[in-house]
Amino acid sequence: MAKLRDNPRTDASTPGDPDALPAPETIEVTSRRVKCDGGGAALGHPVVYYDMGEENFVECGYCDRRFVLAVGAGDDHH
């Protein structure tokens with residue numbers, strides 16, 4: 001299911017929202033900077049890079065993969 005823009009029912013980037021759909025895939029990472037290619041191959045998308053900033057997760061704008069910072073990782077950011 002493709003993510004619809006400005007539709008809170010498909011916006012899984014709102015933790016705690018009971019109406020938000022879960023991310024299609026959650027990947028635990030050890031860095032606040034991540035890259036996503038949608039899994040590569042024919043089902044992939046262009047490579048994009050994200051920075052979590054002050055959050056402990058970020059979602060890909062193409063495929064909605066959620067990258068979650070592992071506990072204790074990325075503490076050097078502050």
# chains A, B, ... in the order shown; residues from 1 in each chain; ligands from 1
$ residues_around --residues "region 54-70 of chain A" --least-positions-apart "3" --cutoff "7 Å" --atoms "only C-alpha atoms" --output "ChimeraX atom specification"
/A:13,23-32,36,38,73
$ atom_distance --atom1 "CA of Met52 (chain A)" --atom2 "CA of Asp19 (chain A)"
23.4 Å
$ atom_distance --atom1 "CA of Lys35 (chain A)" --atom2 "CA of Val48 (chain A)"
5.6 Å
$ atom_distance --atom1 "CA of Gly53 (chain A)" --atom2 "CA of Val34 (chain A)"
11.3 Å
